[in-house]
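A.B. asks: There's a structure below that I have some questions on.
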Amino acid sequence: MLCNRLTRTIGKNYYWENRIHLANKFFARNEKFMLAEILPHELAHQIHYNLYGLDSVQHACHGIEW
């Protein structure tokens with residue numbers, strides 16, 4: 001879902017809603033990058049949450065294991 005409310009973040013995953021928002025202003029500038037890099041990245045966060053649950057959210061950030 002494209003979102004005009006995201007101004008500093010390229011993409012955001014809302015785990016509990018199974019929803020991903022992509023920043024419209026960034027998408028308009030570089031659609032290919034958003035679809036090739038950002039969307040799969042956010043999908044990976046959602047998949048991790050779906051597989052391992054709420055306790056996994058803190059580990060599914062951008063640490064060493066990510």
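Letters A, B, ... mark the chains of the structure tokens in the order given; residue numbers begin at 1 per chain; ligand numbers begin at 1, in order shown.
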Output as a ChimeraX atom specification all residues of range 2-57 of chain A that backbone DSSP marks as alpha helix (DSSP H).
C.D. replies: /A:24-29,31-33,39-52
A.B. asks: Would you compute the distance between CA of Phe26 in chain A and CA of Pro40 in chain A? Give it in Å to one decimal.
C.D. replies: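 Those two atoms sit 15.7 Å apart.
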A.B. asks: Determine which residues of range 14-58 of chain A DSSP labels as strand (DSSP E or B) from the backbone of this structure, then write them out as a ChimeraX atom specification.
C.D. replies: /A:14,19-23
A.B. asks: Mind giving me the straight-line distance from CA of Leu2 in chain A to CA of Asp55 in chain A in Å, one decimal?
C.D. replies: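 If I compute the distance from CA of Leu2 in chain A to CA of Asp55 in chain A, I get 27.7 Å.
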A.B. asks: Quick one: pull the distance between CA of Ile20 in chain A and CA of Phe33 in chain A, Å, one decimal.
C.D. replies: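 Separation of CA of Ile20 in chain A and CA of Phe33 in chain A: 15.8 Å.
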A.B. asks: Please list as a PyMOL selection string every residue within 10 Å of Arg19 in chain A, counting only C-alpha atoms and excluding residues in the same chain fewer than 3 positions away.
C.D. replies: chain A and resi 1+12-16+42-43+46
A.B. asks: Show which residues sit within 10 Å of range 5-7 of chain A, as a ChimeraX atom specification. Count only C-alpha atoms, and ignore same-chain residues fewer than 4 positions away.
C.D. replies: /A:11-12,21-26
A.B. asks: For His41 in chain A, which residue out of A:Asn4, A:Arg29, A:Ile10, A:Asn18 is the nearest one, using only C-alpha atoms?
C.D. replies: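 Smallest distance to His41 in chain A is found for A:Ile10.
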